[in-house]
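> I have a structure I would like to understand better, so I am pasting it below and will then ask my questions one at a time.
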Amino acid sequence: MSTATARARSGLRPYFWEEAADDWRARAQEGHPGFSEHITRKLRGLRDGISSEPGTVPAMRDAHRVRLTDAARDSDRLSDLYIAEHAALTLFGRHQQTVADPAHRPKAGLGTACRNLRCTKAFSQSAVEQRLIAAATAQDLRELVQHLHRLVPLLGQAGIAMDYTRLMYDFAAWEHPGRERVLRSWGLQYIEPSPVDDNADAAPYWAGFVPGRAENGAQLAALRSGTGREPGAVPAMWPHYRTRMSCELRGKGALTRDLIAEHAALSLFGRHQQGRSCRMHVPGNSPGTAARLLLAKNGSGEEALERRFGALLTAIDTGELTMHLRGFVTLLSRSEIGLDYDLLCTALQVWDDPKRPNAQSRFRDRWDRDFRVEPKSKNS
């Protein structure tokens, strides 16, 4: 059920952007393209609010559907949802000015709109990413809206619409803990594989990493910035995720096991690879093999290494395992010893998965066995 239908059944008017889209479709069916006069007049009024405070623009008042209570009218503080609606209305007014068809399209989040813009090839991928990431790293709602006022005309020029109802609720959550979910949904939508994407079936970042490239420093710094942060909520990491996920889960900003594992592996790889001239992703090097190589290379500190490795093996959940791996990969990096990040990512996916109760013990046994035997490979 659409938001507009749900509101209608509740006796509420659709949001203005929904009403405008319905008006446009109704007129098109009647053979009268474009919006009716009263919608056009309101659209002009929305643009008057671009640089104005919420609730102070008379021309916008009839477009609001979030009503103020008597308490809110007497207070100096408007509700978050009213402020968010004001911001969404001004952006919709500007967006609709540059596109002939309705600028509101249900289920098309901001990340999806930017992905569609990237796929048009009208702008370079880096240019689109920079604009989206600049918006996503805004410190407050006002700064976010300023960035989006520069982005929506580009969407309009390319004939790309987005879901303004969803955007309004994203705005309402921006200065609250819900921001991380919003960021994750934008990022997951943006990186969703498309038939025209060259990297639709791309290998994980660590598998395709080539030492010596000029962009490596900035990319590895982006990965390290995700250390201790919620997966999907670090915009600089978005271009480097490869996790597969359904459109529905992307739209919700779902936090899946696969995403958690890939995020942890990427942040560990960024730490591991930093400053190294050879690639630190080495297929076949389990943590046990790497620990054995480290012991052979250093020639001392066996007891300390066994304690560290034992703490890693006895980690209860993925979070604890990731925490122990951070210190471990730092030691490996200093000695230029690599890890199999495909194997590590798989372990992180299933380590505390209740659907795979035996997975943790299998990894523990394998890694412990690798540590106890002399490794065949001596290189990193």
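Residues in the structure tokens are numbered from 1 in each chain, the chains being A, B, ... in the order shown, and ligands are numbered from 1 in the order shown.
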Between range 149-218 of chain A and range 277-287 of chain A, at 7 Å or less, what are the per-residue closest atom pairs and their distances in Å? Count only C-alpha atoms, order by chain and rising residue number, and return it as a tab-separated table.


```
residue	atom	partner	partner_atom	distance
A:Trp206	CA	A:His281	CA	6.2
A:Ala207	CA	A:His281	CA	6.8
A:Pro211	CA	A:Ser277	CA	6.0
A:Gly212	CA	A:Ser277	CA	7.0
```

> Write the residues you've just listed into a file as a PDB file, in the first residue's frame, and include all heavy atoms for each of them.


```
ATOM      1  N   TRP A 206      39.709  -6.043  -1.683  1.00  0.00           N
ATOM      2  CA  TRP A 206      41.047  -6.551  -1.404  1.00  0.00           C
ATOM      3  C   TRP A 206      41.560  -7.468  -2.510  1.00  0.00           C
ATOM      4  O   TRP A 206      42.758  -7.535  -2.761  1.00  0.00           O
ATOM      5  CB  TRP A 206      41.059  -7.283  -0.065  1.00  0.00           C
ATOM      6  CG  TRP A 206      39.986  -8.320   0.096  1.00  0.00           C
ATOM      7  CD1 TRP A 206      39.974  -9.587  -0.387  1.00  0.00           C
ATOM      8  CD2 TRP A 206      38.739  -8.146   0.783  1.00  0.00           C
ATOM      9  NE1 TRP A 206      38.799 -10.223  -0.054  1.00  0.00           N
ATOM     10  CE2 TRP A 206      38.026  -9.374   0.673  1.00  0.00           C
ATOM     11  CE3 TRP A 206      38.160  -7.101   1.497  1.00  0.00           C
ATOM     12  CZ2 TRP A 206      36.770  -9.578   1.241  1.00  0.00           C
ATOM     13  CZ3 TRP A 206      36.909  -7.298   2.055  1.00  0.00           C
ATOM     14  CH2 TRP A 206      36.231  -8.511   1.931  1.00  0.00           C
ATOM     15  N   ALA A 207      40.646  -8.161  -3.198  1.00  0.00           N
ATOM     16  CA  ALA A 207      41.068  -9.070  -4.266  1.00  0.00           C
ATOM     17  C   ALA A 207      41.540  -8.298  -5.498  1.00  0.00           C
ATOM     18  O   ALA A 207      42.401  -8.763  -6.242  1.00  0.00           O
ATOM     19  CB  ALA A 207      39.934 -10.017  -4.636  1.00  0.00           C
ATOM     20  N   PRO A 211      48.911  -2.703  -5.645  1.00  0.00           N
ATOM     21  CA  PRO A 211      49.824  -1.762  -4.979  1.00  0.00           C
ATOM     22  C   PRO A 211      50.423  -0.766  -5.975  1.00  0.00           C
ATOM     23  O   PRO A 211      50.601  -1.058  -7.154  1.00  0.00           O
ATOM     24  CB  PRO A 211      50.913  -2.681  -4.400  1.00  0.00           C
ATOM     25  CG  PRO A 211      50.246  -4.016  -4.271  1.00  0.00           C
ATOM     26  CD  PRO A 211      49.303  -4.096  -5.432  1.00  0.00           C
ATOM     27  N   GLY A 212      50.722   0.430  -5.474  1.00  0.00           N
ATOM     28  CA  GLY A 212      51.404   1.428  -6.282  1.00  0.00           C
ATOM     29  C   GLY A 212      50.509   2.414  -6.997  1.00  0.00           C
ATOM     30  O   GLY A 212      50.998   3.379  -7.591  1.00  0.00           O
TER      31      GLY A 212
END
```

> What lies within 9 Å of Tyr241 in chain A using only C-alpha atoms, ignoring chain neighbours under 3 positions off, as a compact mmCIF listing (two decimals) with N, CA, C and O atoms, in the first residue's frame?


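Result went into result_14.txt, see below:
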```
# COMPACT_ATOMS: atom_id res chain seq x y z
N LEU A 188 23.62 1.90 0.31
CA LEU A 188 23.27 0.62 -0.29
C LEU A 188 22.49 0.80 -1.58
O LEU A 188 22.66 0.04 -2.54
N ILE A 191 25.06 1.89 -4.40
CA ILE A 191 25.99 0.88 -4.93
C ILE A 191 25.27 -0.35 -5.46
O ILE A 191 25.92 -1.31 -5.85
N PRO A 204 35.76 -8.59 -4.45
CA PRO A 204 35.95 -7.74 -3.26
C PRO A 204 37.13 -6.79 -3.44
O PRO A 204 38.07 -7.08 -4.19
N TYR A 205 37.09 -5.68 -2.73
CA TYR A 205 38.11 -4.65 -2.89
C TYR A 205 39.51 -5.21 -2.71
O TYR A 205 40.42 -4.93 -3.49
N GLY A 232 28.00 0.54 6.75
CA GLY A 232 27.14 1.26 5.82
C GLY A 232 26.93 2.71 6.14
O GLY A 232 26.37 3.45 5.34
N MET A 237 33.27 4.88 2.51
CA MET A 237 33.45 3.46 2.23
C MET A 237 32.46 2.93 1.20
O MET A 237 32.64 1.82 0.68
N TRP A 238 31.42 3.68 0.90
CA TRP A 238 30.36 3.18 0.01
C TRP A 238 30.89 2.61 -1.31
O TRP A 238 30.46 1.52 -1.72
N LEU A 259 26.91 -7.65 5.23
CA LEU A 259 27.41 -6.28 5.26
C LEU A 259 28.31 -6.06 6.46
O LEU A 259 29.36 -5.41 6.35
N GLU A 262 31.68 -7.75 5.65
CA GLU A 262 32.48 -7.06 4.65
C GLU A 262 33.02 -5.75 5.20
O GLU A 262 34.18 -5.39 4.95
N HIS A 263 32.21 -5.03 5.96
CA HIS A 263 32.67 -3.77 6.56
C HIS A 263 33.88 -4.03 7.47
O HIS A 263 34.88 -3.30 7.40
N LEU A 266 36.94 -4.95 5.33
CA LEU A 266 37.49 -3.77 4.64
C LEU A 266 38.29 -2.89 5.59
O LEU A 266 39.39 -2.43 5.25
```

> Mind giving me the straight-line distance from CA of Val210 in chain A to CA of Gln274 in chain A in Å, one decimal?

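Answer for the CA of Val210 in chain A to CA of Gln274 in chain A separation: 12.8 Å.
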
> Would you mind listing, for every residue of range 228-316 of chain A within 12 Å of range 162-175 of chain A, the two atoms forming the shortest contact and the distance between them in Å to one decimal, using only C-alpha atoms, sorted by chain and ascending residue number, as CSV?


```
residue,atom,partner,partner_atom,distance
A:Gly251,CA,A:Arg166,CA,9.7
A:Lys252,CA,A:Arg166,CA,10.3
A:Gly253,CA,A:Asp170,CA,11.3
```

> Take the residues that were just selected and, keeping N, CA, C and O atoms, output them as an mmCIF file, in the first residue's frame.


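So part_25.cif came out as:
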```
data_model
loop_
_atom_site.group_PDB
_atom_site.id
_atom_site.type_symbol
_atom_site.label_atom_id
_atom_site.label_comp_id
_atom_site.auth_asym_id
_atom_site.auth_seq_id
_atom_site.Cartn_x
_atom_site.Cartn_y
_atom_site.Cartn_z
ATOM 1 N N GLY A 251 16.643 -0.552 0.413
ATOM 2 C CA GLY A 251 15.782 0.592 0.687
ATOM 3 C C GLY A 251 15.590 0.838 2.170
ATOM 4 O O GLY A 251 15.484 1.981 2.612
ATOM 5 N N LYS A 252 15.539 -0.236 2.948
ATOM 6 C CA LYS A 252 15.363 -0.112 4.396
ATOM 7 C C LYS A 252 16.654 0.231 5.128
ATOM 8 O O LYS A 252 16.629 0.555 6.317
ATOM 9 N N GLY A 253 17.791 0.111 4.427
ATOM 10 C CA GLY A 253 19.064 0.292 5.120
ATOM 11 C C GLY A 253 19.324 -0.853 6.083
ATOM 12 O O GLY A 253 19.808 -0.648 7.201
#
```

> What separation in Å, quoted to one decimal, exists between CA of Gln349 in chain A and CA of Ala261 in chain A?

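These atoms are spaced 5.1 Å apart.
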
> Any idea what the distance is between CA of Val66 in chain A and CA of Tyr82 in chain A?

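It comes out at 5.6 Å.
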
> List the neighbours of range 309-320 of chain A out to 7 Å using only C-alpha atoms; skip same-chain residues closer than 6 positions along the sequence, and give me the result as a PyMOL selection string.

chain A and resi 348+351-352+364
